[in-house]
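**Student:** Structure: work18.txt, compact mmCIF, C-alpha atoms.
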# COMPACT_ATOMS: atom_id res chain seq x y z
CA MET A 1 0.00 0.00 0.00
CA LYS A 2 1.28 3.45 -0.93
CA ARG A 3 0.52 6.66 0.94
CA LEU A 4 1.84 10.22 1.27
CA LEU A 5 2.93 11.76 4.58
CA THR A 6 3.94 15.39 5.07
CA SER A 7 5.87 17.36 7.71
CA GLU A 8 6.92 20.99 7.95
CA SER A 9 9.62 23.03 9.64
CA VAL A 10 10.32 26.74 10.01
CA THR A 11 13.45 28.88 10.16
CA GLU A 12 14.74 30.73 13.20
CA GLY A 13 13.26 33.94 11.80
CA HIS A 14 9.68 32.66 11.85
CA PRO A 15 7.66 34.72 14.39
CA ASP A 16 6.72 31.74 16.56
CA LYS A 17 10.31 30.50 16.56
CA ILE A 18 11.63 33.90 17.59
CA CYS A 19 9.38 33.54 20.63
CA ASP A 20 10.59 30.02 21.40
CA GLN A 21 14.20 31.20 21.21
CA ILE A 22 13.63 34.20 23.45
CA SER A 23 11.85 32.06 26.04
CA ASP A 24 14.62 29.46 26.02
CA ALA A 25 17.39 32.08 26.07
CA ILE A 26 15.87 33.52 29.24
CA LEU A 27 15.68 30.01 30.70
CA ASP A 28 19.33 29.33 29.83
CA SER A 29 20.46 32.60 31.36
CA ILE A 30 18.71 31.78 34.64
CA ILE A 31 19.65 28.11 34.82
CA GLU A 32 23.30 28.94 34.13
CA ARG A 33 23.41 31.02 37.33
CA ASP A 34 20.73 29.21 39.32
CA PRO A 35 20.30 25.57 38.22
CA TYR A 36 17.30 25.17 40.55
CA GLY A 37 15.46 28.24 39.31
CA ARG A 38 11.84 27.78 38.26
CA VAL A 39 10.96 29.23 34.89
CA ALA A 40 7.78 29.27 32.84
CA VAL A 41 8.13 32.07 30.30
CA GLU A 42 5.97 32.95 27.32
CA THR A 43 6.88 35.44 24.60
CA LEU A 44 4.76 37.27 22.04
CA VAL A 45 6.12 39.26 19.11
CA SER A 46 4.34 41.60 16.75
CA ARG A 47 5.33 44.53 14.59
CA GLY A 48 7.92 46.45 16.61
CA LEU A 49 7.01 44.74 19.89
CA VAL A 50 8.24 41.92 22.13
CA MET A 51 6.20 40.98 25.20
CA VAL A 52 7.61 38.56 27.80
CA ALA A 53 5.35 37.20 30.54
CA GLY A 54 5.37 34.29 32.93
CA GLU A 55 6.47 32.94 36.29
CA ILE A 56 10.08 32.95 37.47
CA THR A 57 11.38 32.00 40.90
CA THR A 58 15.15 32.40 41.19
CA GLU A 59 18.02 33.61 43.37
CA THR A 60 19.65 35.39 40.46
CA TYR A 61 18.96 38.37 38.19
CA VAL A 62 18.95 38.39 34.41
CA ASP A 63 18.56 41.35 32.07
CA ILE A 64 15.56 40.23 30.03
CA PRO A 65 15.56 43.15 27.53
CA LYS A 66 19.27 42.54 26.82
CA ILE A 67 18.59 38.83 26.22
CA VAL A 68 15.68 39.65 23.92
CA ARG A 69 17.70 42.05 21.79
CA LYS A 70 20.58 39.59 21.43
CA VAL A 71 18.27 36.82 20.22
CA VAL A 72 16.56 39.11 17.71
CA LYS A 73 19.96 40.31 16.45
CA ASP A 74 21.39 36.79 16.15
CA VAL A 75 18.35 35.64 14.20
CA GLY A 76 18.99 38.39 11.67
CA TYR A 77 16.47 41.15 12.33
CA THR A 78 19.05 43.94 12.09
CA ASP A 79 17.43 46.28 9.57
CA PRO A 80 14.46 48.58 10.26
CA ALA A 81 13.33 47.89 6.69
CA TYR A 82 12.23 44.44 7.91
CA GLY A 83 9.54 46.10 10.06
CA PHE A 84 11.13 44.56 13.18
CA ASP A 85 14.69 44.92 14.42
CA TYR A 86 16.69 44.46 17.59
CA HIS A 87 17.58 48.15 17.96
CA SER A 88 14.12 49.66 17.94
CA CYS A 89 11.66 46.98 19.06
CA ALA A 90 9.76 47.84 22.24
CA ILE A 91 10.05 45.29 25.06
CA ILE A 92 7.42 44.76 27.74
CA THR A 93 8.01 42.32 30.65
CA MET A 94 5.39 40.96 33.02
CA ILE A 95 7.03 38.47 35.37
CA GLN A 96 5.80 37.06 38.67
CA GLU A 97 6.83 34.21 40.99
CA GLN A 98 5.65 30.64 40.56
CA SER A 99 2.35 29.93 42.29
CA PRO A 100 2.92 28.56 45.82
CA ASP A 101 0.20 25.98 45.14
CA ILE A 102 2.26 24.55 42.27
CA ALA A 103 5.52 24.91 44.21
CA MET A 104 4.16 22.69 47.00
CA GLY A 105 4.06 19.72 44.66
CA VAL A 106 7.32 20.47 42.85
CA ASN A 107 9.32 21.11 46.04
CA THR A 108 8.66 17.53 47.19
CA GLY A 109 9.77 16.03 43.85
CA GLY A 110 6.35 15.75 42.23
CA ALA A 111 5.34 16.69 38.71
CA GLY A 112 4.69 20.37 38.12
CA ASP A 113 1.44 19.67 36.28
CA GLN A 114 -0.81 16.92 35.02
CA GLY A 115 -0.65 15.75 31.43
CA MET A 116 0.56 13.14 28.99
CA MET A 117 3.78 13.13 26.99
CA PHE A 118 4.78 11.03 23.99
CA GLY A 119 8.05 9.61 22.72
CA TYR A 120 8.53 8.08 19.29
CA ALA A 121 11.25 6.34 17.31
CA THR A 122 11.37 4.60 13.95
CA ARG A 123 14.05 2.81 11.98
CA GLU A 124 13.42 4.76 8.76
CA THR A 125 16.34 7.23 9.24
CA PRO A 126 19.79 6.99 10.88
CA GLU A 127 18.51 9.33 13.60
CA LEU A 128 15.60 6.94 14.24
CA MET A 129 13.15 9.69 13.31
CA PRO A 130 10.45 10.00 10.62
CA LEU A 131 11.99 10.98 7.29
CA PRO A 132 9.58 13.86 6.45
CA ILE A 133 10.40 15.90 9.58
CA MET A 134 14.14 15.25 9.31
CA LEU A 135 14.21 16.50 5.73
CA ALA A 136 12.02 19.49 6.59
CA HIS A 137 14.39 20.50 9.42
CA LYS A 138 17.46 20.12 7.23
CA LEU A 139 15.89 22.29 4.54
CA ALA A 140 14.95 25.02 7.03
CA ARG A 141 18.42 24.98 8.56
CA ARG A 142 20.05 25.05 5.13
CA LEU A 143 17.89 28.04 4.15
CA ALA A 144 19.22 29.93 7.18
CA GLU A 145 22.82 28.86 6.49
CA VAL A 146 22.94 30.22 2.95
CA ARG A 147 21.46 33.49 4.20
CA LYS A 148 23.73 33.93 7.20
CA TYR A 149 27.03 32.39 6.11
CA GLU A 150 27.13 32.04 2.33
CA GLY A 151 26.34 35.55 1.15
CA VAL A 152 22.83 35.07 -0.23
CA ASN A 153 21.91 38.59 0.78
CA PHE A 154 18.48 38.73 -0.83
CA LEU A 155 17.09 36.21 1.67
CA ARG A 156 15.49 37.47 4.87
CA PRO A 157 15.08 35.63 8.19
CA ASP A 158 11.54 34.23 7.89
CA GLY A 159 10.95 30.97 6.07
CA LYS A 160 9.23 27.59 5.99
CA SER A 161 9.84 24.18 4.52
CA GLN A 162 7.47 21.30 3.87
CA VAL A 163 8.23 17.81 2.59
CA THR A 164 5.85 15.13 1.37
CA VAL A 165 7.28 11.61 1.35
CA GLU A 166 5.78 8.64 -0.44
CA TYR A 167 5.65 5.45 1.62
CA GLU A 168 5.16 1.91 0.42
CA ASP A 169 4.28 -0.67 3.09
CA ASP A 170 5.40 1.82 5.79
CA ARG A 171 8.81 2.35 4.14
CA PRO A 172 9.77 5.75 2.68
CA ILE A 173 10.66 5.32 -0.98
CA ARG A 174 10.81 8.84 -2.49
CA VAL A 175 10.07 12.52 -1.96
CA ASP A 176 6.88 13.51 -3.75
CA THR A 177 6.80 17.27 -3.05
CA VAL A 178 9.15 19.89 -1.64
CA LEU A 179 7.79 23.29 -0.63
CA ILE A 180 9.97 26.23 0.39
CA SER A 181 8.59 29.61 1.41
CA ALA A 182 11.49 32.05 1.78
CA GLN A 183 11.22 35.70 2.76
CA HIS A 184 13.20 37.80 0.31
CA ASP A 185 14.31 41.25 -0.74
CA PRO A 186 11.72 42.95 -2.98
CA ASN A 187 14.24 43.47 -5.77
CA VAL A 188 15.27 39.87 -6.37
CA SER A 189 13.80 38.18 -9.43
CA GLU A 190 11.65 35.09 -9.09
CA LYS A 191 14.05 33.26 -11.41
CA GLU A 192 17.15 34.02 -9.30
CA LEU A 193 15.36 33.14 -6.08
CA ARG A 194 14.21 29.80 -7.47
CA GLU A 195 17.60 28.92 -8.90
CA VAL A 196 19.43 29.58 -5.62
CA ILE A 197 16.91 27.68 -3.50
CA VAL A 198 16.79 24.67 -5.82
CA GLU A 199 20.54 24.38 -6.35
CA ARG A 200 21.86 25.44 -2.93
CA VAL A 201 19.08 24.41 -0.55
CA ILE A 202 16.86 21.67 -1.97
CA LYS A 203 19.23 19.49 -4.00
CA PRO A 204 21.96 19.19 -1.34
CA VAL A 205 19.37 18.06 1.23
CA VAL A 206 16.73 16.12 -0.70
CA GLY A 207 18.48 15.24 -3.94
CA GLU A 208 18.97 11.54 -3.19
CA TYR A 209 15.23 11.11 -2.54
CA MET A 210 14.02 13.03 -5.62
CA ASP A 211 13.07 11.69 -9.04
CA GLN A 212 11.72 13.15 -12.28
CA ASN A 213 8.23 13.28 -10.79
CA THR A 214 9.14 15.16 -7.62
CA LYS A 215 7.29 18.47 -7.47
CA ILE A 216 9.14 21.59 -6.27
CA MET A 217 7.16 24.60 -5.06
CA ILE A 218 8.88 27.85 -4.06
CA ASN A 219 6.89 30.79 -2.66
CA PRO A 220 3.59 29.58 -4.14
CA THR A 221 1.94 33.01 -3.88
CA GLY A 222 4.77 34.44 -6.00
CA ARG A 223 6.00 36.93 -3.39
CA PHE A 224 7.15 36.80 0.26
CA VAL A 225 8.63 40.20 1.14
CA ILE A 226 6.65 41.06 4.28
CA GLY A 227 7.43 38.45 6.89
CA GLY A 228 8.55 37.91 10.46
CA PRO A 229 6.74 39.87 13.18
CA GLN A 230 5.87 42.57 10.65
CA GLY A 231 3.65 40.12 8.81
CA ASP A 232 2.46 37.80 11.56
CA THR A 233 2.20 37.69 15.33
CA GLY A 234 4.34 35.05 17.00
CA VAL A 235 3.76 33.24 20.29
CA THR A 236 5.81 30.68 22.25
CA GLY A 237 4.71 27.07 21.80
CA ARG A 238 2.75 27.30 18.54
CA LYS A 239 5.03 24.97 16.59
CA ILE A 240 4.82 21.84 18.74
CA MET A 241 4.58 19.45 15.79
CA VAL A 242 7.65 21.08 14.25
CA ASP A 243 9.37 20.60 17.62
CA THR A 244 8.57 16.89 17.84
CA TYR A 245 7.79 14.33 15.11
CA GLY A 246 6.22 16.38 12.35
CA GLY A 247 2.70 15.15 13.03
CA LEU A 248 3.65 11.50 12.47
CA ALA A 249 3.32 10.70 16.17
CA ARG A 250 0.92 11.96 18.80
CA HIS A 251 1.61 14.94 21.05
CA GLY A 252 0.34 15.55 24.56
CA GLY A 253 -0.33 19.22 23.84
CA GLY A 254 2.17 20.99 26.08
CA CYS A 255 5.00 22.96 24.49
CA PHE A 256 8.63 22.81 25.62
CA SER A 257 10.22 26.24 25.24
CA GLY A 258 10.52 28.55 28.22
CA LYS A 259 9.95 25.74 30.75
CA ASP A 260 12.53 24.53 33.25
CA PRO A 261 12.90 20.74 33.55
CA THR A 262 10.63 20.38 36.59
CA LYS A 263 7.86 20.84 34.02
CA VAL A 264 7.12 17.34 32.76
CA ASP A 265 5.75 18.79 29.53
CA ARG A 266 9.40 19.13 28.63
CA SER A 267 11.43 16.69 30.71
CA ALA A 268 9.08 13.70 30.42
CA ALA A 269 8.78 14.21 26.65
CA TYR A 270 12.58 14.10 26.48
CA MET A 271 12.64 10.92 28.58
CA ALA A 272 9.93 9.32 26.44
CA ARG A 273 12.00 9.98 23.31
CA TYR A 274 15.12 8.61 25.06
CA ILE A 275 13.35 5.39 25.99
CA ALA A 276 11.73 4.97 22.56
CA LYS A 277 15.02 5.56 20.75
CA ASN A 278 16.92 3.07 22.89
CA ILE A 279 14.25 0.39 22.42
CA VAL A 280 14.47 0.77 18.64
CA ALA A 281 18.27 0.91 18.82
CA ALA A 282 18.12 -2.36 20.81
CA GLU A 283 16.22 -3.87 17.84
CA LEU A 284 13.25 -4.76 20.03
CA ALA A 285 10.95 -2.87 17.64
CA ASP A 286 11.20 -1.15 14.27
CA ARG A 287 8.79 1.55 15.37
CA ILE A 288 7.45 2.56 18.78
CA GLU A 289 5.28 5.19 20.41
CA LEU A 290 5.44 5.60 24.19
CA GLN A 291 3.03 7.55 26.36
CA LEU A 292 3.77 8.75 29.90
CA ALA A 293 1.12 10.48 32.03
CA TYR A 294 1.52 12.43 35.27
CA ALA A 295 -0.57 14.00 38.03
CA ILE A 296 0.43 17.31 39.60
CA GLY A 297 2.43 16.83 42.78
CA VAL A 298 2.87 13.08 42.19
CA ALA A 299 6.36 11.80 41.32
CA GLU A 300 5.67 8.50 39.56
CA PRO A 301 3.74 8.47 36.27
CA VAL A 302 0.11 7.43 36.62
CA SER A 303 0.35 5.40 33.41
CA ILE A 304 2.79 4.04 30.83
CA ALA A 305 1.60 2.83 27.43
CA VAL A 306 3.56 1.30 24.56
CA ASN A 307 2.55 0.72 20.94
CA THR A 308 5.02 -0.99 18.59
CA PHE A 309 2.54 -1.11 15.66
CA GLY A 310 3.07 -4.83 15.21
CA THR A 311 6.84 -4.50 14.83
CA GLY A 312 7.81 -5.51 18.38
CA LYS A 313 10.08 -8.52 18.95
CA VAL A 314 8.56 -8.91 22.43
CA PRO A 315 5.01 -8.09 23.61
CA ASP A 316 4.21 -4.44 24.31
CA GLU A 317 3.32 -5.26 27.93
CA GLU A 318 6.79 -6.76 28.39
CA LEU A 319 8.31 -3.50 27.19
CA VAL A 320 6.24 -1.61 29.77
CA ARG A 321 7.65 -3.88 32.48
CA VAL A 322 11.21 -3.32 31.22
CA ILE A 323 10.70 0.45 31.10
CA ARG A 324 9.51 0.51 34.70
CA LYS A 325 12.52 -1.57 35.77
CA VAL A 326 15.25 0.28 33.86
CA PHE A 327 14.24 3.95 33.93
CA ASP A 328 13.60 6.38 36.79
CA LEU A 329 10.50 8.19 35.54
CA THR A 330 10.12 10.63 38.44
CA PRO A 331 10.75 14.27 37.53
CA MET A 332 13.91 14.37 39.66
CA GLY A 333 15.11 11.06 38.22
CA ILE A 334 14.62 12.33 34.67
CA ILE A 335 16.41 15.61 35.42
CA ASN A 336 19.38 13.82 36.95
CA ASP A 337 19.67 11.03 34.39
CA LEU A 338 19.44 13.38 31.40
CA CYS A 339 21.49 16.20 33.01
CA LEU A 340 18.78 18.78 32.43
CA ARG A 341 19.91 21.47 34.89
CA LYS A 342 22.28 22.96 32.32
CA PRO A 343 21.89 25.88 29.89
CA ILE A 344 21.21 23.68 26.86
CA TYR A 345 17.80 24.89 25.81
CA LEU A 346 18.26 27.76 23.35
CA LYS A 347 19.67 25.46 20.69
CA THR A 348 16.67 23.14 21.04
CA ALA A 349 14.27 25.96 20.16
CA VAL A 350 14.80 25.71 16.38
CA TYR A 351 15.14 22.76 13.98
CA GLY A 352 13.59 20.23 16.33
CA HIS A 353 14.14 18.88 19.82
CA PHE A 354 14.59 15.32 18.55
CA GLY A 355 16.81 13.55 16.05
CA ARG A 356 19.80 15.79 16.78
CA GLU A 357 22.79 13.82 18.01
CA GLU A 358 24.59 16.94 19.19
CA GLU A 359 26.21 18.02 22.43
CA GLY A 360 23.62 18.64 25.15
CA PHE A 361 20.90 16.51 23.55
CA THR A 362 21.31 13.77 26.14
CA TRP A 363 17.92 12.23 25.33
CA GLU A 364 19.33 11.29 21.90
CA MET A 365 22.02 9.00 23.36
CA ARG A 366 21.78 5.24 22.82
CA ASP A 367 23.51 4.29 26.07
CA ALA A 368 20.58 2.36 27.62
CA VAL A 369 20.51 -0.42 25.02
CA ASP A 370 22.51 -2.98 27.00
CA GLU A 371 20.52 -2.39 30.20
CA ILE A 372 17.23 -2.79 28.32
CA LEU A 373 18.34 -6.04 26.69
CA LYS A 374 19.53 -7.39 30.03
CA GLU A 375 16.01 -7.01 31.48
CA VAL A 376 14.08 -8.54 28.58
CA ARG A 377 12.71 -12.00 29.37
What is this structure when it is put down as C-alpha cells?

**Tutor:**
Amino acid sequence: MKRLLTSESVTEGHPDKICDQISDAILDSIIERDPYGRVAVETLVSRGLVMVAGEITTETYVDIPKIVRKVVKDVGYTDPAYGFDYHSCAIITMIQEQSPDIAMGVNTGGAGDQGMMFGYATRETPELMPLPIMLAHKLARRLAEVRKYEGVNFLRPDGKSQVTVEYEDDRPIRVDTVLISAQHDPNVSEKELREVIVERVIKPVVGEYMDQNTKIMINPTGRFVIGGPQGDTGVTGRKIMVDTYGGLARHGGGCFSGKDPTKVDRSAAYMARYIAKNIVAAELADRIELQLAYAIGVAEPVSIAVNTFGTGKVPDEELVRVIRKVFDLTPMGIINDLCLRKPIYLKTAVYGHFGREEEGFTWEMRDAVDEILKEVR
C-alpha cells in the first residue's frame, strides 16, 4: 500500500520560533546562574514589539531586555526595513513568581502539572526519526545557512519548509513534493530566487530522494517580502509538531520552550524519546510510540503505554515492564539522568528537539541499550 505523509519546519526567523528562542534564552540565562530556578516564560512578538510574561522564581537576576535584543539580532532582524529589528523593538516584561500551590508539589519532587507526553522512534532514518520531519528541518536549517554564512543577501530571516514523502508498506521510498517559502528582498527576481533555492538548498538536502516526478514549489503566492513579526504575530509554543515528530506521532499538547525541567511537559517528553530511541536501537521494535502520564504533585507516572505497531520482537506489555525496571521516571530522576539542569535549551528551540545527536541533547544518546536487553525476558 502506498501513501503520502507530510511534515513541515520553520526557520529561526519565523515569528513563533523567535518567541521560542527568546523564552529558552531567558531560561538558559537563569539556569546557568541558578540551576534550581523555576521558569515558565511565554513570549509574544508583533510589529515592533516583544512581550515577555510568565512565572520565574530564582536567586539570580537576568537582564531580560538585553537577552531579547541579542536573540533578535542573532536571528537576523538587524534592519528597520524588515519592520522589526533588535535596535528599535519595544520590550514589555510581566514576570511574577511561581504559584505557591504549584511549588508545594514540585518542592517535594512531584510533577509540576498533570498531562501526557509522547516519545517516538522509527528505523526509517539513521537518527531513528520520521523521514519527512528530518528532511524538513534540514531544509529550514540550510535556508538559514545560505542566508547567514554564504552571502545570499536577498534572503530574509523568515521561512518555511514542507516535505511530502511517499511510503510503500510503511517504508519511505521517495520525496513527492518539496515546498519552500522564503522571505526575500523585494528586488530579487523570481528566477534568481528559485535557482538559488533549488541548487543550494533543496538538491543538497533532498536530492537523493528526488526523481523526475518530484514536485518543487517555491513561494507559491509568488512573493514573500513582508514576513517575520511585521507580517504575523508570533507566540511561544505554537510549533509543537515542528518541535517533535512532524505530526507523524501523537503529542500531549504541552510545548517545551521557556519551561525549566521540573515541568514534565518538557522533561518527560525528552525521557519518552530517550526510551523509545533506545528500544528501537536495541532492535526490540522497528517503530514505537510511548506515552507517559503524570498528576500534579505526584512523582511516579500514573500510566505508561507502549505501541510498537506490530513491529515488536517482544510483547508491548513486556516492554512496559522493562521500562519501569530500567528507567527512573520521576521528575527528579529524569532531570538527573538526562542532566537537564544545564543551559542547553536555546539550541533546542529551532530545527527540532529530537533527532539531533549533538552536544547537550542527552535524550538522543543510545547508552541504555545494554541495560534494556539485560532485562528482557

**Student:** Considering only C-alpha atoms, state which residue in the set A:Ile372, A:Leu193, A:Val165, A:Ile18 is at the smallest distance from A:Ile133.

**Tutor:**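 With only C-alpha atoms as the atom set, the closest residue is A:Val165.
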
**Student:** What separation in Å, quoted to one decimal, exists between atom CA of A:Asp170 and atom CA of A:Asn307?

**Tutor:**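 Separation of atom CA of A:Asp170 and atom CA of A:Asn307: 15.5 Å.
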
**Student:** Which residues are near A:Arg238? Cut-off 12 Å, all atoms listed in the file, ignore same chain within fewer than 6 positions. Put them as a VMD selection string.

**Tutor:** chain A and resid 10 14 to 20 42 to 44 244 253 to 257 349

**Student:** Would you pick out the contacts of A:Asp113 at 10 Å or less, using all atoms listed in the file, so that residues sharing its chain but fewer than 2 positions from it are not included, and give the list as a count of residues only?

**Tutor:** 16

**Student:** Can you tell me, as a list of chain:residue names, what residues are no more than 8 Å from A:Phe154 when counting all atoms listed in the file, ignoring any on the same chain fewer than 5 positions away?

**Tutor:**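 Skipping anything fewer than 5 positions along the chain leaves A:Arg147, A:His184, A:Asp185, A:Val188.
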
**Student:** Which one of A:Gln98, A:Ser181, A:Ser88, A:Ser29 sits closest to A:Ile64 if you count all atoms listed in the file?

**Tutor:**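 Result for the nearest residue to A:Ile64: A:Ser29.
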
**Student:** Distance atom CA of A:Ile180-atom CA of A:Asp24, one decimal place?

**Tutor:** 26.2 Å

**Student:** Enclose the full set of atoms of stretch 168-180 of chain A listed in the file within a box whose edges lie along x, y and z, apply 6 Å of padding to each of the six sides, and report centre and edge lengths in Å to one decimal as lines of an AutoDock Vina configuration file.

**Tutor:**
center_x = 7.5
center_y = 12.8
center_z = 1.0
size_x = 18.5
size_y = 38.9
size_z = 21.5

**Student:** Quick one, how far is atom CA of A:Ile218 from atom CA of A:Glu190?

**Tutor:**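 Separation of atom CA of A:Ile218 and atom CA of A:Glu190: 9.2 Å.
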
**Student:** Would you mind telling me which residue in A:Ile173, A:Ala144, A:Asp74, A:Val242 lies nearest to A:Gly355 when using only C-alpha atoms?

**Tutor:**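 Checking each candidate against A:Gly355, we get A:Val242 as the closest.
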
**Student:** Pick from A:Val41, A:Ala268, A:Ile26, A:Thr60: nearest to A:Val235, with only C-alpha atoms counted?

**Tutor:**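 Nearest candidate to A:Val235 out of A:Val41, A:Ala268, A:Ile26, A:Thr60: A:Val41.
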
**Student:** Quick one: of A:Pro220, A:Arg356, A:Leu27, A:Gly83, who's nearest to A:Tyr61, counting only C-alpha atoms?

**Tutor:** A:Leu27

**Student:** Nearest to A:Ile226 among A:Leu248, A:Leu292, A:Leu155, A:Ile279, with distances taken over only C-alpha atoms: which residue is it?

**Tutor:**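 Of A:Leu248, A:Leu292, A:Leu155, A:Ile279, the one nearest A:Ile226, counting only C-alpha atoms, is A:Leu155.
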
**Student:** Would you list the contacts of A:Ala293 as a list of chain:residue names, taking every protein, DNA or RNA residue within 8 Å and counting all atoms listed in the file, but skipping same-chain residues closer than 3 positions in sequence?

**Tutor:**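 Near neighbours after the sequence-gap exclusion: A:Gln114, A:Gly115, A:Met116, A:Met117, A:Pro301, A:Val302, A:Ser303, A:Ile304.
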
**Student:** Pick out the residues sitting within 10 Å of A:Met210, and hand them over as a ChimeraX atom specification; count all atoms listed in the file, and ignore anything fewer than 2 positions along from it in its own chain.

**Tutor:** /A:165,173-178,202-203,206-208,212-216

**Student:** Can you patch up stretch 241-262 of chain A, filling it in to N, CA and C atoms, and show the result as a compact mmCIF listing (two decimals), in the coordinates of the input?

**Tutor:**
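The file below, out23.txt, is the result:
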# COMPACT_ATOMS: atom_id res chain seq x y z
N MET A 241 4.37 20.58 16.69
CA MET A 241 4.58 19.45 15.79
C MET A 241 5.92 19.59 15.06
N VAL A 242 6.31 20.83 14.77
CA VAL A 242 7.65 21.08 14.25
C VAL A 242 8.69 20.65 15.28
N ASP A 243 8.42 20.91 16.55
CA ASP A 243 9.37 20.60 17.62
C ASP A 243 9.55 19.11 17.84
N THR A 244 8.54 18.31 17.47
CA THR A 244 8.57 16.89 17.84
C THR A 244 8.73 15.99 16.61
N TYR A 245 7.67 15.38 16.12
CA TYR A 245 7.79 14.33 15.11
C TYR A 245 7.07 14.68 13.81
N GLY A 246 6.79 15.95 13.62
CA GLY A 246 6.22 16.38 12.35
C GLY A 246 4.81 15.92 12.10
N GLY A 247 4.08 15.60 13.18
CA GLY A 247 2.70 15.15 13.03
C GLY A 247 2.57 13.66 12.79
N LEU A 248 3.70 12.94 12.74
CA LEU A 248 3.65 11.50 12.47
C LEU A 248 3.62 10.67 13.75
N ALA A 249 3.58 11.34 14.89
CA ALA A 249 3.32 10.70 16.17
C ALA A 249 2.45 11.65 16.97
N ARG A 250 1.80 11.12 17.99
CA ARG A 250 0.92 11.96 18.80
C ARG A 250 1.71 12.92 19.68
N HIS A 251 1.01 13.94 20.17
CA HIS A 251 1.61 14.94 21.05
C HIS A 251 0.64 15.21 22.19
N GLY A 252 1.19 15.33 23.40
CA GLY A 252 0.34 15.55 24.56
C GLY A 252 -0.30 16.92 24.61
N GLY A 253 0.27 17.90 23.90
CA GLY A 253 -0.33 19.22 23.84
C GLY A 253 0.51 20.31 24.45
N GLY A 254 1.35 19.98 25.44
CA GLY A 254 2.17 20.99 26.08
C GLY A 254 3.41 21.31 25.26
N CYS A 255 3.78 22.59 25.20
CA CYS A 255 5.00 22.96 24.49
C CYS A 255 6.21 22.80 25.41
N PHE A 256 7.40 22.99 24.86
CA PHE A 256 8.63 22.81 25.62
C PHE A 256 9.29 24.13 26.00
N SER A 257 9.37 25.06 25.06
CA SER A 257 10.22 26.24 25.24
C SER A 257 9.77 27.12 26.39
N GLY A 258 10.77 27.66 27.09
CA GLY A 258 10.52 28.55 28.22
C GLY A 258 10.23 27.85 29.52
N LYS A 259 10.29 26.51 29.55
CA LYS A 259 9.95 25.74 30.75
C LYS A 259 11.19 25.05 31.31
N ASP A 260 11.43 25.24 32.62
CA ASP A 260 12.53 24.53 33.25
C ASP A 260 12.17 23.05 33.36
N PRO A 261 13.17 22.18 33.63
CA PRO A 261 12.90 20.74 33.55
C PRO A 261 12.03 20.15 34.64
N THR A 262 11.62 20.92 35.65
CA THR A 262 10.63 20.38 36.59
C THR A 262 9.27 20.26 35.92
